[in-house]
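Below is one structure, written out as structure tokens, with a few remarks after it.
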Amino acid sequence: MIRIALLCLLIGIGTRAWAAEESVVPAVNRDFTIVDCGTPIRVLKLYAGTLYKHPETAQLHLLLEFGNNNGYRIGEQEWEDVWHRLVDVELETGQTRQTNGSDGVTSLHFLHPNGLMYLFEGKTHPASLGEYDPRSGKYRKIGALGDSPYKVVLAPSGRIYVGEVNGGVTVYDPANRALTRYDMPAGRKIHWGVYTLEVDEPWIYCGMTNQGKWFLTAIDTRTGTPTSYFDTEMGQPPAKGGGNSVIRTTAGNLFFGSYPLKDGQPQIDDRGDSVKREPPDKSPPLDGNRSWPNMWKVAGYAGSRSQEAKEQLGIEFDLSDVEPNNWNGAVATIRWRQPDESQWRTLQIKGLEPVGMSTECLGVAPDGKLVGVAAFYGSVFRFDPLTGTSEKLGLAPGSVYQILPAADHTYFCGYVSFLADYDHRQPYLVHKDGTPSTNPKNFSTGVKWTHCMARGPDGRIYLGGYDGRHRTGGGFSIFEPKTQEMKNLRDPWFVYQGVRCLCLLQGGQTLAIATRPIGRDVPDSKGRIFLFDLAKQEIVREVVLEELPTNPDQLFVAGERALIGVSRATEPGPDNREQDVTLVYGLDAENGKVLFQKRYPGRAFTGICRYDHTDVVRGPDGCGWLFVDESLCRIHPDGTLETVRPKIDYRGKMLWHGKTLYVWNGGRVYSRLFANVVRIPDLFETSGG
């Protein structure tokens with residue numbers, strides 16, 4: 001029986017005029033040329049920066065970790081292109097030492113009382129724990145963690161406790177160099193996993209979240225026995241009183257929400273309420289992943305900047321030009337100053353070799369230039385595909401999933417829950433140090449992963465996305481550029497349904513919103529198509545996709561009104577080994593009826609590696625363009641899958657500008673294989689269009 005993994009739908013109004021649609025499809029030029037436009041960005045990203053007091057000299061050092069992780073995708077196996085470079089700078093003298101580090105994304109450095117710096121490395125398989133010795137300037141890998149580290153706690157004993165994505169816990173004891181692993185203490189994999197963590201030896205307290213289901217797991221390290229509380233998925237009563245995190249207050253007390261924690265248990269009375277402390281503890285909670293003694297965070301995850309050094313020591317850092325790239329001559333510049341100094345001191349680090357970084361997403365501006373964002377919260381740039389030159393605009397306003405350029409504004413949407421409006425008349429200015437960013441201006445969509453965006457003929461921006469980490473479903477948003485007002489819709493349509501894609505129908509009169517259920521224990525397993533009337537500005541119809549074997553992933557219109565869809569599927573092959581197939585079918589948006597199905601061999605939506613899942617995009621010929629296995633293909637309005645070229649080396653995300661097709665890697669692994677952008681300018685026969 002075919003098991004469909006992901007689904008791509010094409011929505012229209014009926015089955016009319018299939019033959020007429022097909023007759024206008026232009027022929028392709030099978031001898032088309034691929035032009036290398038160049039690599040928009042070459043860089044070494046700064047993953048973490050930590051100011052620390054040297055264990056022997058007591059001098060202040062700044063440890064910087066540079067690397068280039070192109071394959072950032074949670075929950076998938078990813079690999080690095082280059083070993084990370086650890087650069088240790090003594091501030092007063094400017095002397096530097098360099099050594100190779102790990103190959104995983106590191107955003108957590110912690111200086112242990114034993115004088116060693118521990119590095120918690122994730123986004124690779126397996127995640128790992130590393131150690132940097134400031135005395136020798138050397139790095140060594142200690143061993144594998146269970147999954148990407150998320151919360152780290154140092155106990156008075158010197159043991160290090162690591163709460164991980166997917167719900168595991170690892171303990172490292174530096175005294176005897178022993179790693180201890182608690183695999184799935186909740187009895188199953190948990191998504192997101194250990195969201196908060198505190199330790200009162202011998203107890204480990206884990207604040208768990210499983211797609212919006214919050215509970216507590218306590219581990220007794222003497223026996224290795226875990227016990228969960230408030231786990232509603234396992235039939236336990238929920239917590240009361242609000243709050244769902246494990247915290248330690250500045251007074252030293254531990255809580256899960258309103259429940260005090262003692263001897264491995266939440267303190268609960270006979271009614272299931274929390275036992276109140278006497279006297280009450282009104283002190284504020286300590287930060288998670290808080291710094292250890294003699295260290296101060298300077299830079300961290302996603303380019304964030306910390307003010308710890310300034311607030312606690314009075315030392316300021318300017319790391320705005322710290323990443324060596326193709327715009328600054330590959331020179332890393334550090335600026336810093338003491339509390340009594342008005343002028344910046346400048347240190348420059350040369351000899352760091354940037355590497356090509358894949359582009360996460362692209363859009364075409366009205367002047368034909370490309371606007372892009374590099375992978376892993378990279379820089380925003382403008383790129384001229386004809387000359388291969390790029391211009392840096394600034395830092396990304398978030399993790400960008402889609403770009404929509406217009407004449408005077410460029411719009412970005414993405415994680416976390418944002419639409420960013422860049423006004424071209426004002427300087428581009430985004431900060432990562434907590435200072436408010438002024439341009440682009442961010443607006444909240446209310447949905448964590450806002451990943452699709454469309455501009456209607458009315459000038460409004462329509463957005464959709466999904467949740468799943470902390471709650472079910474997703475949401476749909478409408479942004480009015482004239483007034484800069486945002487309207488977010490969730491209840492009742494998207495409480496359980498996450499938006500997968502948006503598509504304008506009927507000449508732009510109707511917007512089709514395709515969804516699928518997101519989250520645990522949702523009451524309905526079927527996806528929906530919501531029809532939104534642009535004139536009325538309301539959802540006028542809800543179509544339940546009863547006949548489909550799985551739920552929609554995206555949609556588009558082929559030709560003028562043909563209905564085409566594509567699914568990646570597997571089925572038993574020879575010797576009962578699974579083989580990939582591509583399903584093509586039509587769907588009536590008015591009633592959700594499946595009008596036809598066709599089946600072709602091969603794996604749809606491929607890219608540069610096995611883990612890619614690229615999109616189908618509508619071309620100027622009215623067909624849907626995609627990659628199947630190693631082939632560039634298009635789907636005709638009658639459902640025919642045509643192989644345009646059987647083997648093409650450049651497989652990734654696609655973008656059309658007129659009749660020119662651009663292909664880029666999309667932020668996947670091994671950037672040096674495909675960090676450039678290519679274009680195909682002669683894809684169609686001259687006589688055909």
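Following the order of the structure tokens, chains are lettered A, B, ..., residues in each are numbered from 1, and ligands are numbered from 1.
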
Name all residues at most 7 Å from Ser477 of chain A (count only C-alpha atoms; drop same-chain ones fewer than 5 positions away) and give them as a PyMOL selection string. chain A and resi 445+462-464+486-489

Excluding segment 99-116 of chain A and its own-chain neighbours fewer than 5 positions away, which residues fall within 8 Å of it when counting only C-alpha atoms? Please give them as a ChimeraX atom specification. /A:47-50,52,54-55,65,67,69,79-87,121-124,127-128,130-134,137-141,158,291-295,300-301

Would you kindly return, as a ChimeraX atom specification, each protein, DNA or RNA residue with an atom no farther than 8 Å from any atom of Glu164 of chain A, considering only C-alpha atoms and excluding same-chain residues fewer than 5 positions away? /A:146-151,169-170,193-194

Using only all heavy atoms, please write the residues we just selected to a file, as a PDB file, in the first residue's frame.
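Dumped to part_17.pdb:
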ATOM      1  N   GLY A 146      23.252  12.815  23.332  1.00  0.00           N
ATOM      2  CA  GLY A 146      22.136  12.097  22.750  1.00  0.00           C
ATOM      3  C   GLY A 146      21.474  12.855  21.619  1.00  0.00           C
ATOM      4  O   GLY A 146      21.044  12.286  20.633  1.00  0.00           O
ATOM      5  N   ASP A 147      21.384  14.187  21.768  1.00  0.00           N
ATOM      6  CA  ASP A 147      20.777  15.030  20.756  1.00  0.00           C
ATOM      7  C   ASP A 147      21.276  16.452  21.003  1.00  0.00           C
ATOM      8  O   ASP A 147      22.070  16.696  21.914  1.00  0.00           O
ATOM      9  CB  ASP A 147      19.245  14.958  20.829  1.00  0.00           C
ATOM     10  CG  ASP A 147      18.600  15.177  19.467  1.00  0.00           C
ATOM     11  OD1 ASP A 147      19.075  16.052  18.728  1.00  0.00           O
ATOM     12  OD2 ASP A 147      17.631  14.467  19.143  1.00  0.00           O
ATOM     13  N   SER A 148      20.803  17.394  20.185  1.00  0.00           N
ATOM     14  CA  SER A 148      21.300  18.763  20.295  1.00  0.00           C
ATOM     15  C   SER A 148      21.072  19.312  21.704  1.00  0.00           C
ATOM     16  O   SER A 148      19.969  19.224  22.243  1.00  0.00           O
ATOM     17  CB  SER A 148      20.617  19.657  19.274  1.00  0.00           C
ATOM     18  OG  SER A 148      21.016  19.313  17.963  1.00  0.00           O
ATOM     19  N   PRO A 149      22.102  19.891  22.329  1.00  0.00           N
ATOM     20  CA  PRO A 149      21.963  20.436  23.679  1.00  0.00           C
ATOM     21  C   PRO A 149      21.105  21.685  23.676  1.00  0.00           C
ATOM     22  O   PRO A 149      21.199  22.518  22.779  1.00  0.00           O
ATOM     23  CB  PRO A 149      23.411  20.757  24.073  1.00  0.00           C
ATOM     24  CG  PRO A 149      24.117  20.979  22.775  1.00  0.00           C
ATOM     25  CD  PRO A 149      23.463  20.080  21.783  1.00  0.00           C
ATOM     26  N   TYR A 150      20.271  21.808  24.692  1.00  0.00           N
ATOM     27  CA  TYR A 150      19.388  22.966  24.768  1.00  0.00           C
ATOM     28  C   TYR A 150      19.499  23.708  26.094  1.00  0.00           C
ATOM     29  O   TYR A 150      19.438  24.925  26.123  1.00  0.00           O
ATOM     30  CB  TYR A 150      17.940  22.541  24.526  1.00  0.00           C
ATOM     31  CG  TYR A 150      17.037  23.708  24.230  1.00  0.00           C
ATOM     32  CD1 TYR A 150      17.192  24.433  23.055  1.00  0.00           C
ATOM     33  CD2 TYR A 150      16.032  24.092  25.111  1.00  0.00           C
ATOM     34  CE1 TYR A 150      16.375  25.515  22.773  1.00  0.00           C
ATOM     35  CE2 TYR A 150      15.207  25.173  24.828  1.00  0.00           C
ATOM     36  CZ  TYR A 150      15.379  25.878  23.660  1.00  0.00           C
ATOM     37  OH  TYR A 150      14.575  26.953  23.373  1.00  0.00           O
ATOM     38  N   LYS A 151      19.641  22.984  27.195  1.00  0.00           N
ATOM     39  CA  LYS A 151      19.822  23.611  28.494  1.00  0.00           C
ATOM     40  C   LYS A 151      21.001  22.963  29.206  1.00  0.00           C
ATOM     41  O   LYS A 151      21.147  21.736  29.189  1.00  0.00           O
ATOM     42  CB  LYS A 151      18.560  23.462  29.359  1.00  0.00           C
ATOM     43  CG  LYS A 151      17.432  24.400  28.958  1.00  0.00           C
ATOM     44  CD  LYS A 151      17.792  25.853  29.228  1.00  0.00           C
ATOM     45  CE  LYS A 151      16.641  26.797  28.914  1.00  0.00           C
ATOM     46  NZ  LYS A 151      16.403  26.949  27.466  1.00  0.00           N
ATOM     47  N   VAL A 169      18.729  13.408  28.503  1.00  0.00           N
ATOM     48  CA  VAL A 169      19.621  14.144  29.407  1.00  0.00           C
ATOM     49  C   VAL A 169      20.976  13.442  29.432  1.00  0.00           C
ATOM     50  O   VAL A 169      21.040  12.209  29.523  1.00  0.00           O
ATOM     51  CB  VAL A 169      19.050  14.227  30.838  1.00  0.00           C
ATOM     52  CG1 VAL A 169      20.044  14.921  31.771  1.00  0.00           C
ATOM     53  CG2 VAL A 169      17.716  14.964  30.843  1.00  0.00           C
ATOM     54  N   THR A 170      22.054  14.214  29.343  1.00  0.00           N
ATOM     55  CA  THR A 170      23.413  13.680  29.463  1.00  0.00           C
ATOM     56  C   THR A 170      24.127  14.396  30.603  1.00  0.00           C
ATOM     57  O   THR A 170      23.971  15.611  30.769  1.00  0.00           O
ATOM     58  CB  THR A 170      24.202  13.861  28.147  1.00  0.00           C
ATOM     59  OG1 THR A 170      23.536  13.163  27.106  1.00  0.00           O
ATOM     60  CG2 THR A 170      25.613  13.318  28.279  1.00  0.00           C
ATOM     61  N   GLY A 193      11.270  18.767  23.657  1.00  0.00           N
ATOM     62  CA  GLY A 193      12.187  18.054  24.521  1.00  0.00           C
ATOM     63  C   GLY A 193      12.360  18.751  25.847  1.00  0.00           C
ATOM     64  O   GLY A 193      11.413  19.281  26.426  1.00  0.00           O
ATOM     65  N   VAL A 194      13.607  18.755  26.361  1.00  0.00           N
ATOM     66  CA  VAL A 194      13.899  19.382  27.653  1.00  0.00           C
ATOM     67  C   VAL A 194      13.992  20.888  27.429  1.00  0.00           C
ATOM     68  O   VAL A 194      15.016  21.411  27.016  1.00  0.00           O
ATOM     69  CB  VAL A 194      15.203  18.841  28.255  1.00  0.00           C
ATOM     70  CG1 VAL A 194      15.454  19.479  29.621  1.00  0.00           C
ATOM     71  CG2 VAL A 194      15.137  17.322  28.390  1.00  0.00           C
TER      72      VAL A 194
END

Arg345 of chain A surroundings by only C-alpha atoms, 8 Å radius, close-in-sequence under 5 positions cut, as a PDB file with N, CA and C atoms, in the first residue's frame:
ATOM      1  N   ARG A 335      36.174  45.442  18.084  1.00  0.00           N
ATOM      2  CA  ARG A 335      36.320  46.737  18.757  1.00  0.00           C
ATOM      3  C   ARG A 335      35.846  46.567  20.196  1.00  0.00           C
ATOM      4  N   TRP A 336      36.633  47.120  21.130  1.00  0.00           N
ATOM      5  CA  TRP A 336      36.256  47.009  22.532  1.00  0.00           C
ATOM      6  C   TRP A 336      36.826  48.187  23.307  1.00  0.00           C
ATOM      7  N   ARG A 337      36.252  48.441  24.486  1.00  0.00           N
ATOM      8  CA  ARG A 337      36.759  49.533  25.324  1.00  0.00           C
ATOM      9  C   ARG A 337      36.424  49.272  26.789  1.00  0.00           C
TER      10      ARG A 337
END

Please compute the atom CA of Leu583 of chain A-atom CA of Arg568 of chain A distance, one decimal, in Å. 6.6 Å

Among segment 410-579 of chain A, which ones does DSSP assign to helix (DSSP H, G or I) (computed from the backbone)? Answer as a PyMOL selection string. chain A and resi 506-508+574-576

Residue contacts of segment 252-258 of chain A (10 Å, only C-alpha atoms) excluding same-chain residues fewer than 2 positions away, as JSON, numbers by chain: {"A": [196, 198, 199, 200, 205, 206, 207, 215, 216, 239, 240, 241, 242, 243, 244, 245, 246, 247, 248, 249, 250, 260, 261, 262, 265, 266, 267, 273, 274, 275, 276, 277, 281, 283, 285, 286]}

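Distance-wise, atom CA of Glu323 of chain A and atom CA of Trp664 of chain A end up 23.0 Å apart.
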